[in-house]
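Below you'll find the structure, written out as structure tokens, and then a few comments.
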Amino acid sequence: ARLGAELRTALDRGEFHLVYQPIVELPTGAVLAVESLVRWWHPDRGYVRPDVFIPVAERTGLIVELGEWILRTACLQFADWWRHGVAPYRFGVNVSARQLAEPGFVSLVAAVLAETGVHPARLIVEVTETAVFGGGAAVRAVHELTELGVEIALDDFGTGHSSLGLLQTLPVRILKVDKSFVENVTMAGRHAVIATSLIQVANGLGLVAVAEGVETAEQAAELYRLGYRRAQGYHFGRPEMAKPLSGAAALPG
Ligand code: G
Ligand code: G
Ligand code: G
Ligand code: NA
Ligand code: MN
């Protein structure tokens, strides 16, 4: 409960910031997109991990307001990159289950895009399989976001309530293959089999697969051999704050 109250204060005090991690093309390493990830430095607690505070924010409902701040901040950053001619092709924003199901979420996205002057096709909304598994408001929001021109990515694919049927009915174009399958991709075993199958499913359905959590050149090479053309992970670039825009290299990675 204390953490819940502190989240409210943190938002008012401006203790959150965003970091950005590159998503690259294989094998060139060219940056195609960035994913924004939220960070919280508490004056006493120090760094609090998002997998600790995001679930708390979901329970208290603060995720709606925090999520709006995240969306607007990422869009403003992208607009700034765009103005300076250094924008990647697209940028991803994580949206939690509760945010997605919140009435007015799609209108909010439309308003923030208009306000910041970002073209809808530049935005990728990253949602988990579990968020859209039950149908209902979250699934309607995904359809409406697509009508707006926003891209949808299924995050941590293969670890949640996975259903290949979801890929038939949801207007998803990007599968983010969870890092647990990438970790052991260079060793014969269950994870490698799943990584192999998922790229075949993605390619067969005309979807884009992104391999997450790529940490070594060996993993990148094996993923390329399997057919992956998009990757993300420490090997290519850590999540970093946007660099001040004066010189050329402003993007992370
Ligand atoms: O870096 P990592 O520790 O950045 O993030 C851990 C988890 O926290 C992610 O898998 C994601 O589910 C969640 N997360 C990180 N940033 C955001 C964000 O901006 N919004 C939401 N809803 N979740 C986020
Ligand atoms: O939103 P999502 O659940 O996909 O968040 C991605 C998570 O993975 C974040 O916590 C991010 O910091 C983390 N991450 C990004 N690249 C790597 C990597 O190469 N290795 C590991 N272990 N984690 C990574
Ligand atoms: O290592 P991590 O990805 O959690 O760091 C996220 C960002 O926070 C980094 O880009 C780093 O520059 C920044 N950072 C590191 N230490 C501090 C700190 O003590 N306070 C603040 N506000 N930011 C920090
Ligand atoms: Na994500
Ligand atoms: Mn993920």
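Residue numbering restarts at 1 in every chain; chains get A, B, ... in the order shown in the structure tokens, and ligands count up from 1 in that same order.
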
Check the DSSP output for the backbone and give back, as number ranges by chain, the residues of region 56-150 of chain A in alpha helix (DSSP H). A: 56-60, 62-83, 97-101, 105-116, 129-133, 136-148

Could you tell me, counting only C-alpha atoms and all ligand atoms, which protein and nucleic acid residues lie no more than 6 Å from ligand 5, written as a list in words?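 Checked against 6 Å with only C-alpha atoms and all ligand atoms; the hits are Asp155, Asp156 and Asp178 of chain A.
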
I need the residue nearest Gly206 (chain A) from this list: A:Arg190, A:Arg59, A:Arg173, A:Lys179. Use only C-alpha atoms for the distance.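 Comparing A:Arg190, A:Arg59, A:Arg173, A:Lys179 against Gly206 (chain A), the winner is A:Arg173.
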
List the neighbours of Val182 (chain A) out to 12 Å using only C-alpha atoms; skip same-chain residues closer than 6 positions along the sequence, and give me the result as JSON, numbers by chain. {"A": [156, 157, 158, 176, 188, 189, 190, 191, 192, 193, 194, 195, 196, 198, 199, 210, 211, 212, 213, 214, 215, 216, 218, 219, 220, 221, 222, 223, 224, 226, 228, 231, 232, 233]}

Here is a test: counting only C-alpha atoms, which residue of A:Cys75, A:Ile152, A:Val142, A:Ala242 is nearest to Ala114 (chain A)?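 Distance minimum relative to Ala114 (chain A) lands on A:Cys75.
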
Counting only C-alpha atoms and all ligand atoms, name the residues that have an atom within 10 Å of an atom of ligand 3; the answer should be given as a PDB file with N, CA and C atoms, in the first residue's frame.
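Full text of pocket_36.pdb as output:
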```pdb
ATOM      1  N   GLY A  14       7.582  14.150 -10.622  1.00  0.00           N
ATOM      2  CA  GLY A  14       8.373  13.945 -11.834  1.00  0.00           C
ATOM      3  C   GLY A  14       9.550  13.008 -11.642  1.00  0.00           C
ATOM      4  N   GLU A  15       9.335  11.938 -10.856  1.00  0.00           N
ATOM      5  CA  GLU A  15      10.439  10.994 -10.609  1.00  0.00           C
ATOM      6  C   GLU A  15      10.588   9.931 -11.690  1.00  0.00           C
ATOM      7  N   PHE A  16       9.644   9.867 -12.610  1.00  0.00           N
ATOM      8  CA  PHE A  16       9.742   8.862 -13.682  1.00  0.00           C
ATOM      9  C   PHE A  16      10.491   9.438 -14.879  1.00  0.00           C
ATOM     10  N   HIS A  17      11.158   8.567 -15.591  1.00  0.00           N
ATOM     11  CA  HIS A  17      11.678   8.964 -16.896  1.00  0.00           C
ATOM     12  C   HIS A  17      11.618   7.756 -17.821  1.00  0.00           C
ATOM     13  N   LEU A  18      11.786   8.016 -19.092  1.00  0.00           N
ATOM     14  CA  LEU A  18      11.756   6.926 -20.064  1.00  0.00           C
ATOM     15  C   LEU A  18      13.158   6.644 -20.599  1.00  0.00           C
ATOM     16  N   VAL A  19      13.403   5.381 -20.873  1.00  0.00           N
ATOM     17  CA  VAL A  19      14.602   4.967 -21.593  1.00  0.00           C
ATOM     18  C   VAL A  19      14.135   4.300 -22.886  1.00  0.00           C
ATOM     19  N   TYR A  20      15.039   4.212 -23.850  1.00  0.00           N
ATOM     20  CA  TYR A  20      14.674   3.706 -25.177  1.00  0.00           C
ATOM     21  C   TYR A  20      15.678   2.651 -25.605  1.00  0.00           C
ATOM     22  N   GLN A  21      15.156   1.526 -26.094  1.00  0.00           N
ATOM     23  CA  GLN A  21      16.036   0.437 -26.550  1.00  0.00           C
ATOM     24  C   GLN A  21      15.824   0.203 -28.039  1.00  0.00           C
ATOM     25  N   LEU A  37      10.732   2.325 -22.329  1.00  0.00           N
ATOM     26  CA  LEU A  37      10.544   1.590 -21.073  1.00  0.00           C
ATOM     27  C   LEU A  37      10.623   2.601 -19.940  1.00  0.00           C
ATOM     28  N   VAL A  38       9.727   2.479 -18.985  1.00  0.00           N
ATOM     29  CA  VAL A  38       9.674   3.474 -17.905  1.00  0.00           C
ATOM     30  C   VAL A  38      10.670   3.114 -16.805  1.00  0.00           C
ATOM     31  N   ARG A  39      11.242   4.142 -16.189  1.00  0.00           N
ATOM     32  CA  ARG A  39      12.184   3.975 -15.072  1.00  0.00           C
ATOM     33  C   ARG A  39      11.778   4.876 -13.924  1.00  0.00           C
ATOM     34  N   TRP A  40      11.996   4.384 -12.710  1.00  0.00           N
ATOM     35  CA  TRP A  40      11.661   5.163 -11.522  1.00  0.00           C
ATOM     36  C   TRP A  40      12.843   5.188 -10.565  1.00  0.00           C
ATOM     37  N   TRP A  41      13.345   6.382 -10.306  1.00  0.00           N
ATOM     38  CA  TRP A  41      14.348   6.577  -9.258  1.00  0.00           C
ATOM     39  C   TRP A  41      13.673   7.262  -8.087  1.00  0.00           C
ATOM     40  N   HIS A  42      13.537   6.527  -6.978  1.00  0.00           N
ATOM     41  CA  HIS A  42      12.937   7.079  -5.768  1.00  0.00           C
ATOM     42  C   HIS A  42      14.052   7.695  -4.922  1.00  0.00           C
ATOM     43  N   PRO A  43      13.786   8.880  -4.317  1.00  0.00           N
ATOM     44  CA  PRO A  43      14.852   9.554  -3.562  1.00  0.00           C
ATOM     45  C   PRO A  43      15.463   8.671  -2.459  1.00  0.00           C
ATOM     46  N   GLY A  46      15.856   4.411  -4.138  1.00  0.00           N
ATOM     47  CA  GLY A  46      16.730   4.229  -5.301  1.00  0.00           C
ATOM     48  C   GLY A  46      15.930   3.697  -6.476  1.00  0.00           C
ATOM     49  N   TYR A  47      16.570   2.861  -7.278  1.00  0.00           N
ATOM     50  CA  TYR A  47      15.917   2.339  -8.477  1.00  0.00           C
ATOM     51  C   TYR A  47      14.866   1.306  -8.101  1.00  0.00           C
ATOM     52  N   VAL A  48      13.655   1.520  -8.576  1.00  0.00           N
ATOM     53  CA  VAL A  48      12.580   0.538  -8.377  1.00  0.00           C
ATOM     54  C   VAL A  48      12.264  -0.045  -9.741  1.00  0.00           C
ATOM     55  N   ARG A  49      12.274  -1.368  -9.834  1.00  0.00           N
ATOM     56  CA  ARG A  49      12.073  -2.019 -11.134  1.00  0.00           C
ATOM     57  C   ARG A  49      10.612  -1.908 -11.597  1.00  0.00           C
ATOM     58  N   PRO A  50      10.416  -1.714 -12.909  1.00  0.00           N
ATOM     59  CA  PRO A  50       9.033  -1.612 -13.402  1.00  0.00           C
ATOM     60  C   PRO A  50       8.215  -2.881 -13.182  1.00  0.00           C
ATOM     61  N   ARG A 238      21.439  -1.271 -25.015  1.00  0.00           N
ATOM     62  CA  ARG A 238      20.662  -1.304 -23.768  1.00  0.00           C
ATOM     63  C   ARG A 238      19.608  -0.198 -23.802  1.00  0.00           C
ATOM     64  N   PRO A 239      18.593  -0.317 -22.976  1.00  0.00           N
ATOM     65  CA  PRO A 239      17.666   0.821 -22.856  1.00  0.00           C
ATOM     66  C   PRO A 239      18.433   2.016 -22.291  1.00  0.00           C
ATOM     67  N   GLU A 240      18.378   3.145 -22.965  1.00  0.00           N
ATOM     68  CA  GLU A 240      19.126   4.328 -22.540  1.00  0.00           C
ATOM     69  C   GLU A 240      18.262   5.571 -22.661  1.00  0.00           C
ATOM     70  N   MET A 241      18.624   6.573 -21.882  1.00  0.00           N
ATOM     71  CA  MET A 241      17.943   7.851 -22.015  1.00  0.00           C
ATOM     72  C   MET A 241      18.271   8.458 -23.370  1.00  0.00           C
ATOM     73  N   ALA A 242      17.326   9.226 -23.920  1.00  0.00           N
ATOM     74  CA  ALA A 242      17.572   9.908 -25.187  1.00  0.00           C
ATOM     75  C   ALA A 242      18.678  10.924 -24.966  1.00  0.00           C
ATOM     76  N   LYS A 243      19.601  10.961 -25.896  1.00  0.00           N
ATOM     77  CA  LYS A 243      20.712  11.912 -25.768  1.00  0.00           C
ATOM     78  C   LYS A 243      20.239  13.297 -26.204  1.00  0.00           C
ATOM     79  N   PRO A 252      19.556   6.069 -28.883  1.00  0.00           N
ATOM     80  CA  PRO A 252      20.286   5.028 -28.185  1.00  0.00           C
ATOM     81  C   PRO A 252      20.703   3.947 -29.191  1.00  0.00           C
TER      82      PRO A 252
END
```

Between CA of Ser162 (chain A) and CA of Gly204 (chain A), what is the spacing in Å?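 CA of Ser162 (chain A) lies 17.4 Å from CA of Gly204 (chain A).
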
For the strand (DSSP E) assignment from backbone DSSP, which residues of region 50-246 of chain A qualify? Please present them as a ChimeraX atom specification. /A:90-94,123-128,151-157,174-177,208-211,230-232

Å distance separating atom 18 (C, counted along the ligand's line) of ligand 1 from CA of Asn94 (chain A), one decimal place: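 Between atom 18 (C, counted along the ligand's line) of ligand 1 and CA of Asn94 (chain A) the gap is 4.7 Å.
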
Could you jot down the atom 18 (C, counted along the ligand's line) of ligand 2 to CA of His235 (chain A) separation for me, Å, one decimal place?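 Interatomic distance, atom 18 (C, counted along the ligand's line) of ligand 2 to CA of His235 (chain A): 7.4 Å.
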